[in-house]
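Before any comments, here is the structure.
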Protein chains: 2
Amino acid sequence: MSSKKRTTIYDIAEKLNIAPSSVSRALSNSPLVKEATKKLILKTAEELNYKINTIASNLRKGQSNTIGVIVPRINQNFFADVIAGIEEASYRQGYNLIICQSNESYEREVQCVNTLINQQVDCIVVSLSVETTDYKHLESVLDRNIELIQFDRVAENIETLKVLNDNHQASMEAVSHLIEQGYKRIALLEGPQNLNIFRKRKEGYLDALKNHGLPVIEELMLANAWTTELGAEATRKLLSLPQPPDAIFASTSDFAALGVLQVATEMNFKVPQQLGICGYSNENFTEITNPSVTTIDQHSVYMGKTIANLFLDELKNTDTSVAPKTVSIKPKLIIRNSTLKNGK
Amino acid sequence: MSSKKRTTIYDIAEKLNIAPSSVSRALSNSPLVKEATKKLILKTAEELNYKINTIASNLRKGQSNTIGVIVPRINQNFFADVIAGIEEASYRQGYNLIICQSNESYEREVQCVNTLINQQVDCIVVSLSVETTDYKHLESVLDRNIELIQFDRVAENIETLKVLNDNHQASMEAVSHLIEQGYKRIALLEGPQNLNIFRKRKEGYLDALKNHGLPVIEELMLANAWTTELGAEATRKLLSLPQPPDAIFASTSDFAALGVLQVATEMNFKVPQQLGICGYSNENFTEITNPSVTTIDQHSVYMGKTIANLFLDELKNTDTSVAPKTVSIKPKLIIRNSTLKNGK
DNA sequence: TAAAATTTGACAATCGATTGCATTTTTTAG
DNA sequence: CTAAAAAATGCAATCGATTGTCAAATTTTA
């Protein structure tokens, strides 16, 4: 049978004929309690199956030992990896995670922020939804002295800790690789330009072309191609042009790259000979497709760990007010068969 | 600049020269407060940028409006999907999720349970780690009157709400399909048998053979092949047998199936003509491999929603003590090219 | 042996919201 | 206009752990 009430420190105190304060101190191993008493209290706590009421403790201490995380979707490899990384690193330090998904909706993202504020989380970690263009909700977090860490999809002019991939650099490397392989008409599948990551990737693309003296061809840059279906659709358009591209950089995601590959196969373009394909994210399937797809690894689990450690480190230098630091993680170009026109 | 202290109901009360209790009532829209006063309070709350302190509220109310989830790994498609489903369904009802990962470690799983108990979660949702063979920690949850829901990997003799896939049925269907396609020597890659799901899948395999009058061949059943690498290794063994199998059912996961496919290609076994391959889980890459891989879809997001709704429904019929119900979700066999020896 | 120093433990306030009960105010009916 | 009923508001205890302050007990020192 289950007992009606949980054991509290008062129950222990009563049983031992001692003050609750002593019980509390003993349980938190304070030096103010005699060893013998401590032992006795610990033993009794065990016997009564005592478990601390974290809520009461948090209320009194004014903090929650909790980190709130807001991502567009939990079940997307990149985000799931980052969350796993955050969890891994923060768990050891006694922090818990509350997870919310914005579902790419601005309204929902604001709601998530409010919930987390109400929950008194000590830190909010967020990657913005595609809809988000207004950042009042983020400012309200800062106003409350809650640590705010943005990652991947960030609002650049909101000053907070940020953990980013160097999207510009990665994108440049990818396109340079394509150029070096001999591709000359390289198309770009873009993501929504209100997200910084997609802007950066486009800039990287443009800079790579420029650096190699290649012209920018407007008709080869297609907006909003960030799912398998949209990627496929865009590819159909591109490959039907009088002068089709000889390579496609799906800067939005590997899912888009997958759409490209499917259409290319369907339309009998040989990959990588007639068409080079490069994706973004190193989803696990890119290794397996036929041919395997060149892509960019974001070190996502590591990114999560970095985020958690950034916060945990902040905790230590208490008084010094935090300079809004940005940590940039260099993604890694993973070269596979889909872009190896020249062989290795 | 950020204000030192958060606004509380006392601040609002003081400003309006009114009792805090009235403020509390107004904010929760109690009919005991006059409309005019309510309006005024709401307006002032807004002005002072008041946000409720959920911790204080929870302490007083003795519940947390929080669901705790423990999974072996967050960043595994199946679990990420289930979590997404739980989040989706519970979010609307004002519930938050605390996520923990056991990393397939028993010790860590026990820790997670304790943390969640301390956090006063209203419900714990768990899928067991591979190491777990002792269930005291689950019993201690029940002792505390915290709702416990097991899913997928469950302890069968612990009486709780359970949400399962019908692994036996799915496995039988898969193997029957192989048999009907004309495969005769069907190998089985097994998972650790202390997990119910893997036991069920093996039983399904055995029953399918039996039903079709096929013999059970010991050397075709390999234990512990549940990663890509282990699957590959097992396949190497199988295909080197004097009489190799003509099909392999990777009952553990699609990752194992992937290992099978790689080795089969490497060893020049034609799939599906010489070797049929069936996986488990419908990971997104199974659609893309060459050939695409037959597998079993677990309706994972739906499973998450089912879990959440089960809990939320329990809340409604308050007094009736809960019969330990089991919800079984029928997985779906997804037939793809890797098993189509006969064509369609 | 007395005074000083140290250790131990008790008391009570506190965190912020909630809620049963008491009190005040307003409304209604006679 | 008064008494009773209804509505609105206020008071104070409560949830359980923490912690500053102080008294009591113990040990050390002179």
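Identifiers in the structure tokens: chain A, B, ... in order shown; residue index from 1 per chain; ligand index from 1 in order shown.
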
**OP:** Could you list, as a ChimeraX atom specification, the residues of chain D having an atom within 10 Å of chain B when counting only C-alpha atoms (C1' of nucleotides)?
**Re:** /D:7-11,14-16

**OP:** Please provide the set of residues having any atom within 8 Å of Thr326 of chain A, restricted to only C-alpha atoms (C1' of nucleotides), with same-chain residues fewer than 5 positions apart removed, written as a ChimeraX atom specification.
**Re:** /A:161-164

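One finds atom CA of Ser127 of chain B at 16.1 Å from atom CA of Thr115 of chain B.
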
Original post:
Quick one: DSSP strand (DSSP E) residues in segment 83-256 of chain B, as a VMD selection string?
Top reply: chain B and resid 96 to 101 123 to 126 147 to 151 161 to 165 186 to 189 221 to 222 247 to 250

From a DSSP pass on the backbone, collect the residues of segment 76-242 of chain B flagged as helix (DSSP H, G or I) and hand them back as a CSV table (one decimal) with C-alpha atoms, in the first residue's frame.
chain,number,residue,atom,x,y,z
B,77,ASN,CA,14.9,8.4,-33.9
B,78,PHE,CA,12.5,6.2,-32.1
B,79,PHE,CA,12.9,7.8,-28.7
B,80,ALA,CA,13.1,11.3,-30.1
B,81,ASP,CA,9.8,10.7,-32.0
B,82,VAL,CA,8.1,9.3,-28.9
B,83,ILE,CA,9.2,12.3,-26.9
B,84,ALA,CA,8.1,14.7,-29.6
B,85,GLY,CA,4.7,13.0,-29.4
B,86,ILE,CA,4.5,13.2,-25.6
B,87,GLU,CA,5.5,16.8,-25.7
B,88,GLU,CA,3.0,17.7,-28.4
B,89,ALA,CA,0.0,16.1,-26.5
B,90,SER,CA,0.9,17.2,-23.0
B,91,TYR,CA,1.9,20.7,-23.9
B,106,TYR,CA,21.0,0.8,-14.8
B,107,GLU,CA,22.7,2.9,-12.3
B,108,ARG,CA,21.9,6.0,-14.2
B,109,GLU,CA,18.4,5.0,-14.7
B,110,VAL,CA,17.9,4.7,-10.9
B,111,GLN,CA,19.4,8.1,-10.5
B,112,CYS,CA,17.0,9.5,-13.1
B,113,VAL,CA,14.1,8.0,-11.2
B,114,ASN,CA,15.3,9.6,-8.0
B,115,THR,CA,15.7,13.0,-9.6
B,116,LEU,CA,12.2,12.9,-11.0
B,117,ILE,CA,10.7,11.8,-7.7
B,118,ASN,CA,12.5,14.7,-6.0
B,136,LYS,CA,13.0,-1.8,-7.2
B,137,HIS,CA,13.3,1.8,-8.5
B,138,LEU,CA,10.0,1.4,-10.4
B,139,GLU,CA,8.3,0.1,-7.4
B,140,SER,CA,9.4,3.0,-5.3
B,141,VAL,CA,7.7,5.2,-7.9
B,142,LEU,CA,4.4,3.4,-7.4
B,143,ASP,CA,4.8,3.6,-3.6
B,167,ASN,CA,6.5,-7.0,-31.3
B,168,HIS,CA,5.5,-10.6,-31.5
B,169,GLN,CA,2.9,-10.0,-34.1
B,170,ALA,CA,5.1,-7.6,-36.2
B,171,SER,CA,7.9,-10.1,-36.1
B,172,MET,CA,5.7,-12.9,-37.2
B,173,GLU,CA,4.4,-10.9,-40.1
B,174,ALA,CA,7.8,-9.9,-41.2
B,175,VAL,CA,9.1,-13.5,-41.2
B,176,SER,CA,5.9,-14.8,-42.8
B,177,HIS,CA,6.4,-12.2,-45.5
B,178,LEU,CA,9.9,-13.5,-46.1
B,179,ILE,CA,8.7,-17.1,-46.2
B,180,GLU,CA,6.0,-16.2,-48.7
B,196,ASN,CA,11.0,-7.9,-23.5
B,197,ILE,CA,10.9,-6.5,-26.9
B,198,PHE,CA,13.7,-8.7,-28.2
B,199,ARG,CA,12.3,-11.8,-26.5
B,200,LYS,CA,8.9,-11.1,-28.2
B,201,ARG,CA,10.6,-10.6,-31.6
B,202,LYS,CA,12.4,-13.9,-31.3
B,203,GLU,CA,9.2,-15.7,-30.3
B,204,GLY,CA,7.5,-14.2,-33.3
B,205,TYR,CA,10.3,-15.4,-35.5
B,206,LEU,CA,10.1,-18.9,-34.1
B,207,ASP,CA,6.3,-19.0,-34.4
B,208,ALA,CA,6.4,-17.9,-38.0
B,209,LEU,CA,8.8,-20.7,-38.8
B,210,LYS,CA,6.6,-23.2,-37.0
B,211,ASN,CA,3.4,-22.1,-38.6
B,218,GLU,CA,20.3,-22.9,-34.3
B,219,GLU,CA,23.4,-21.7,-36.2
B,220,LEU,CA,21.2,-19.1,-37.9
B,228,THR,CA,25.6,-1.5,-37.4
B,229,GLU,CA,29.0,-3.0,-36.6
B,230,LEU,CA,27.6,-6.0,-34.7
B,231,GLY,CA,25.1,-6.6,-37.5
B,232,ALA,CA,27.9,-6.5,-40.0
B,233,GLU,CA,30.0,-8.9,-38.0
B,234,ALA,CA,27.2,-11.3,-37.5
B,235,THR,CA,26.5,-11.2,-41.2
B,236,ARG,CA,30.1,-12.0,-42.1
B,237,LYS,CA,29.8,-15.1,-40.0
B,238,LEU,CA,26.4,-16.1,-41.5
B,239,LEU,CA,27.4,-15.6,-45.1

**OP:** Could you please select, counting only C-alpha atoms (C1' of nucleotides), the residues of chain C within 7 Å of chain A and state them as an MDAnalysis selection string?
**Re:** chainID C and resid 8:10 15

Write a file of the selected residues as a JSON list (two decimals), in the first residue's frame, keeping C-alpha atoms (C1' of nucleotides).
[["chain", "number", "residue", "atom", "x", "y", "z"],
["C", 8, "DT", "C1'", 25.88, 22.08, 18.81],
["C", 9, "DG", "C1'", 21.19, 22.68, 18.20],
["C", 10, "DA", "C1'", 16.66, 25.34, 18.60],
["C", 15, "DC", "C1'", 10.59, 31.92, -0.33]]

Would you list the contacts of Asn342 of chain B as a PDB file with all heavy atoms, in the first residue's frame, taking every protein, DNA or RNA residue within 10 Å and counting only C-alpha atoms (C1' of nucleotides), but skipping same-chain residues closer than 3 positions in sequence?
ATOM      1  N   GLU B 180       6.865 -16.233 -47.514  1.00  0.00           N
ATOM      2  CA  GLU B 180       5.991 -16.180 -48.689  1.00  0.00           C
ATOM      3  C   GLU B 180       6.739 -15.741 -49.946  1.00  0.00           C
ATOM      4  O   GLU B 180       6.336 -16.046 -51.059  1.00  0.00           O
ATOM      5  CB  GLU B 180       4.812 -15.237 -48.416  1.00  0.00           C
ATOM      6  CG  GLU B 180       3.737 -15.930 -47.573  1.00  0.00           C
ATOM      7  CD  GLU B 180       2.936 -14.945 -46.746  1.00  0.00           C
ATOM      8  OE1 GLU B 180       2.944 -13.740 -47.082  1.00  0.00           O
ATOM      9  OE2 GLU B 180       2.341 -15.379 -45.735  1.00  0.00           O
ATOM     10  N   GLN B 181       7.782 -14.974 -49.745  1.00  0.00           N
ATOM     11  CA  GLN B 181       8.590 -14.558 -50.888  1.00  0.00           C
ATOM     12  C   GLN B 181       9.494 -15.685 -51.357  1.00  0.00           C
ATOM     13  O   GLN B 181      10.242 -15.533 -52.315  1.00  0.00           O
ATOM     14  CB  GLN B 181       9.444 -13.344 -50.514  1.00  0.00           C
ATOM     15  CG  GLN B 181       8.658 -12.039 -50.460  1.00  0.00           C
ATOM     16  CD  GLN B 181       8.234 -11.561 -51.842  1.00  0.00           C
ATOM     17  OE1 GLN B 181       9.025 -11.563 -52.792  1.00  0.00           O
ATOM     18  NE2 GLN B 181       6.967 -11.182 -51.972  1.00  0.00           N
ATOM     19  N   GLY B 182       9.473 -16.789 -50.629  1.00  0.00           N
ATOM     20  CA  GLY B 182      10.246 -17.937 -51.084  1.00  0.00           C
ATOM     21  C   GLY B 182      11.565 -18.155 -50.382  1.00  0.00           C
ATOM     22  O   GLY B 182      12.341 -19.038 -50.732  1.00  0.00           O
ATOM     23  N   PRO B 272      17.627  -8.390 -53.569  1.00  0.00           N
ATOM     24  CA  PRO B 272      17.049  -9.435 -52.720  1.00  0.00           C
ATOM     25  C   PRO B 272      17.150 -10.841 -53.314  1.00  0.00           C
ATOM     26  O   PRO B 272      16.660 -11.778 -52.679  1.00  0.00           O
ATOM     27  CB  PRO B 272      15.591  -9.013 -52.680  1.00  0.00           C
ATOM     28  CG  PRO B 272      15.346  -8.415 -54.031  1.00  0.00           C
ATOM     29  CD  PRO B 272      16.625  -7.778 -54.442  1.00  0.00           C
ATOM     30  N   GLN B 273      17.767 -10.991 -54.505  1.00  0.00           N
ATOM     31  CA  GLN B 273      17.725 -12.291 -55.157  1.00  0.00           C
ATOM     32  C   GLN B 273      18.369 -13.402 -54.338  1.00  0.00           C
ATOM     33  O   GLN B 273      17.768 -14.456 -54.103  1.00  0.00           O
ATOM     34  CB  GLN B 273      18.402 -12.226 -56.538  1.00  0.00           C
ATOM     35  CG  GLN B 273      17.706 -11.298 -57.536  1.00  0.00           C
ATOM     36  CD  GLN B 273      18.030  -9.831 -57.308  1.00  0.00           C
ATOM     37  OE1 GLN B 273      18.821  -9.492 -56.435  1.00  0.00           O
ATOM     38  NE2 GLN B 273      17.399  -8.957 -58.080  1.00  0.00           N
ATOM     39  N   THR B 339      13.342  -7.287 -49.892  1.00  0.00           N
ATOM     40  CA  THR B 339      12.771  -8.621 -49.673  1.00  0.00           C
ATOM     41  C   THR B 339      11.893  -9.072 -50.831  1.00  0.00           C
ATOM     42  O   THR B 339      11.210 -10.087 -50.731  1.00  0.00           O
ATOM     43  CB  THR B 339      11.893  -8.636 -48.397  1.00  0.00           C
ATOM     44  OG1 THR B 339      10.884  -7.633 -48.525  1.00  0.00           O
ATOM     45  CG2 THR B 339      12.722  -8.359 -47.161  1.00  0.00           C
TER      46      THR B 339
END

Original post:
Which residues, written as a PyMOL selection string, have at least one atom at most 8 Å from Gly191 of chain B, with only C-alpha atoms (C1' of nucleotides) counted and residues fewer than 5 positions away on the same chain left out?
Top reply: chain B and resi 198-199+223-226+251-252

Written selection (N, CA, C and O atoms) as a compact mmCIF listing (two decimals), in the first residue's frame:
# COMPACT_ATOMS: atom_id res chain seq x y z
N PHE B 198 12.93 -7.77 -27.36
CA PHE B 198 13.73 -8.68 -28.15
C PHE B 198 13.28 -10.14 -27.95
O PHE B 198 13.34 -10.95 -28.88
N ARG B 199 12.83 -10.43 -26.74
CA ARG B 199 12.27 -11.77 -26.51
C ARG B 199 11.06 -11.98 -27.41
O ARG B 199 10.94 -12.98 -28.12
N ALA B 223 23.01 -13.97 -31.34
CA ALA B 223 22.66 -13.05 -30.26
C ALA B 223 23.40 -11.73 -30.39
O ALA B 223 24.42 -11.64 -31.08
N ASN B 224 22.85 -10.72 -29.73
CA ASN B 224 23.57 -9.46 -29.54
C ASN B 224 24.09 -8.80 -30.81
O ASN B 224 25.24 -8.42 -30.89
N ALA B 225 23.21 -8.69 -31.76
CA ALA B 225 23.64 -8.02 -33.00
C ALA B 225 22.78 -6.78 -33.18
O ALA B 225 21.88 -6.76 -33.99
N TRP B 226 23.06 -5.76 -32.39
CA TRP B 226 22.10 -4.64 -32.42
C TRP B 226 22.70 -3.29 -32.76
O TRP B 226 22.11 -2.26 -32.49
N SER B 251 16.20 -8.29 -36.37
CA SER B 251 15.07 -7.94 -35.51
C SER B 251 15.43 -6.84 -34.52
O SER B 251 14.57 -6.29 -33.84
N THR B 252 16.70 -6.54 -34.40
CA THR B 252 17.12 -5.57 -33.40
C THR B 252 16.90 -4.13 -33.84
O THR B 252 16.46 -3.30 -33.05

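In this comparison, which uses only C-alpha atoms, the residue of B:Leu261, B:Ile70, B:Ile329, B:Ile288 approaching chain A most closely is B:Ile288.
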
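Taking atom CA of Arg153 of chain A and atom CA of Val126 of chain A as endpoints, the distance between them is 8.2 Å.
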
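With only C-alpha atoms as the basis for measurement, A:Gln119 is the residue among A:Thr295, A:Ser105, A:Gln119, A:Gln93 that approaches chain B most closely.
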
Subject >> For Ile296 of chain B: contacts at 6 Å, only C-alpha atoms (C1' of nucleotides), fewer than 4 positions along chain excluded, given as a PyMOL selection string >> reply: chain B and resi 280-282+332-334

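Coordinates place atom CA of Val23 of chain B at a distance of 25.0 Å from atom CA of Asn96 of chain B.
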
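Using only C-alpha atoms, the smallest distance between any of A:Ala45, A:Ile67, A:Ala323, A:Leu241 and chain B comes from A:Ile67.
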
Subject >> Near-DG20 of chain D list (10 Å; only C-alpha atoms (C1' of nucleotides); drop same-chain fewer than 2 positions) as JSON, numbers by chain >> reply: {"C": [12, 13], "D": [22]}

Original post:
Leaving out DT28 of chain C and any residue of its chain fewer than 4 positions from it, which residues lie within 12 Å of it when counting only C-alpha atoms (C1' of nucleotides), given as a PyMOL selection string?
Top reply: chain D and resi 2-7

Next, the residues of the selection above should be written as a short mmCIF file (atom, residue, chain, number, x, y, z; two decimals), in the first residue's frame with all heavy atoms.
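This went into out-v1.cif:
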data_model
loop_
_atom_site.label_atom_id
_atom_site.label_comp_id
_atom_site.auth_asym_id
_atom_site.auth_seq_id
_atom_site.Cartn_x
_atom_site.Cartn_y
_atom_site.Cartn_z
P DT D 2 -33.45 52.11 9.98
OP1 DT D 2 -33.42 52.61 11.37
OP2 DT D 2 -32.32 52.38 9.06
"O5'" DT D 2 -33.68 50.55 10.04
"C5'" DT D 2 -34.90 50.02 10.57
"C4'" DT D 2 -34.91 48.53 10.34
"O4'" DT D 2 -35.05 48.25 8.91
"C3'" DT D 2 -33.66 47.79 10.80
"O3'" DT D 2 -34.04 46.59 11.44
"C2'" DT D 2 -32.89 47.53 9.51
"C1'" DT D 2 -34.04 47.35 8.50
N1 DT D 2 -33.71 47.66 7.09
C2 DT D 2 -34.17 46.82 6.11
O2 DT D 2 -34.83 45.83 6.33
N3 DT D 2 -33.84 47.20 4.83
C4 DT D 2 -33.10 48.31 4.44
O4 DT D 2 -32.88 48.54 3.28
C5 DT D 2 -32.64 49.14 5.52
C7 DT D 2 -31.82 50.36 5.24
C6 DT D 2 -32.95 48.80 6.79
P DA D 3 -32.96 45.75 12.30
OP1 DA D 3 -33.44 45.72 13.71
OP2 DA D 3 -31.61 46.24 11.99
"O5'" DA D 3 -33.13 44.30 11.69
"C5'" DA D 3 -34.43 43.79 11.38
"C4'" DA D 3 -34.27 42.66 10.38
"O4'" DA D 3 -33.97 43.23 9.08
"C3'" DA D 3 -33.14 41.70 10.70
"O3'" DA D 3 -33.60 40.37 10.53
"C2'" DA D 3 -32.03 42.06 9.73
"C1'" DA D 3 -32.81 42.60 8.54
N9 DA D 3 -32.10 43.61 7.76
C8 DA D 3 -31.34 44.66 8.24
N7 DA D 3 -30.83 45.42 7.30
C5 DA D 3 -31.28 44.82 6.11
C6 DA D 3 -31.09 45.15 4.76
N6 DA D 3 -30.37 46.20 4.36
N1 DA D 3 -31.68 44.37 3.84
C2 DA D 3 -32.39 43.32 4.25
N3 DA D 3 -32.66 42.91 5.50
C4 DA D 3 -32.07 43.71 6.39
P DA D 4 -32.70 39.15 10.92
OP1 DA D 4 -33.51 38.22 11.74
OP2 DA D 4 -31.39 39.65 11.42
"O5'" DA D 4 -32.47 38.49 9.51
"C5'" DA D 4 -33.60 38.29 8.63
"C4'" DA D 4 -33.08 38.03 7.23
"O4'" DA D 4 -32.48 39.24 6.70
"C3'" DA D 4 -32.00 36.94 7.15
"O3'" DA D 4 -32.37 36.04 6.12
"C2'" DA D 4 -30.73 37.69 6.82
"C1'" DA D 4 -31.26 38.90 6.06
N9 DA D 4 -30.40 40.08 6.10
C8 DA D 4 -29.81 40.65 7.20
N7 DA D 4 -29.10 41.72 6.93
C5 DA D 4 -29.24 41.86 5.54
C6 DA D 4 -28.73 42.81 4.64
N6 DA D 4 -27.95 43.85 4.99
N1 DA D 4 -29.05 42.66 3.34
C2 DA D 4 -29.83 41.63 2.98
N3 DA D 4 -30.38 40.67 3.74
C4 DA D 4 -30.04 40.85 5.03
P DA D 5 -31.59 34.68 5.88
OP1 DA D 5 -32.56 33.57 5.81
OP2 DA D 5 -30.45 34.64 6.83
"O5'" DA D 5 -31.00 34.92 4.42
"C5'" DA D 5 -31.86 35.44 3.40
"C4'" DA D 5 -31.00 35.87 2.23
"O4'" DA D 5 -30.30 37.10 2.55
"C3'" DA D 5 -29.92 34.85 1.82
"O3'" DA D 5 -30.02 34.65 0.43
"C2'" DA D 5 -28.60 35.51 2.23
"C1'" DA D 5 -28.94 36.99 2.15
N9 DA D 5 -28.16 37.86 3.03
C8 DA D 5 -27.91 37.69 4.37
N7 DA D 5 -27.19 38.65 4.90
C5 DA D 5 -26.95 39.52 3.84
C6 DA D 5 -26.24 40.73 3.74
N6 DA D 5 -25.63 41.31 4.79
N1 DA D 5 -26.20 41.34 2.53
C2 DA D 5 -26.82 40.75 1.50
N3 DA D 5 -27.52 39.61 1.46
C4 DA D 5 -27.55 39.04 2.68
P DA D 6 -29.05 33.63 -0.33
OP1 DA D 6 -29.83 32.98 -1.40
OP2 DA D 6 -28.32 32.83 0.69
"O5'" DA D 6 -28.03 34.65 -0.99
"C5'" DA D 6 -28.54 35.75 -1.74
"C4'" DA D 6 -27.37 36.59 -2.23
"O4'" DA D 6 -26.82 37.35 -1.12
"C3'" DA D 6 -26.23 35.78 -2.82
"O3'" DA D 6 -25.90 36.37 -4.06
"C2'" DA D 6 -25.09 35.91 -1.80
"C1'" DA D 6 -25.41 37.26 -1.17
N9 DA D 6 -24.93 37.46 0.19
C8 DA D 6 -25.06 36.60 1.25
N7 DA D 6 -24.56 37.06 2.38
C5 DA D 6 -24.08 38.32 2.03
C6 DA D 6 -23.43 39.33 2.77
N6 DA D 6 -23.16 39.22 4.07
N1 DA D 6 -23.08 40.47 2.12
C2 DA D 6 -23.37 40.57 0.81
N3 DA D 6 -23.97 39.69 0.01
C4 DA D 6 -24.30 38.58 0.69
P DA D 7 -24.77 35.75 -5.01
OP1 DA D 7 -25.26 35.84 -6.41
OP2 DA D 7 -24.30 34.46 -4.45
"O5'" DA D 7 -23.62 36.83 -4.84
"C5'" DA D 7 -23.92 38.21 -5.01
"C4'" DA D 7 -22.71 39.01 -4.59
"O4'" DA D 7 -22.56 38.94 -3.15
"C3'" DA D 7 -21.40 38.53 -5.19
"O3'" DA D 7 -20.82 39.63 -5.87
"C2'" DA D 7 -20.56 38.07 -4.00
"C1'" DA D 7 -21.18 38.86 -2.85
N9 DA D 7 -21.08 38.24 -1.53
C8 DA D 7 -21.48 36.99 -1.16
N7 DA D 7 -21.30 36.73 0.12
C5 DA D 7 -20.75 37.91 0.62
C6 DA D 7 -20.34 38.29 1.91
N6 DA D 7 -20.41 37.49 2.98
N1 DA D 7 -19.84 39.54 2.06
C2 DA D 7 -19.78 40.34 0.99
N3 DA D 7 -20.14 40.10 -0.27
C4 DA D 7 -20.62 38.85 -0.38
#
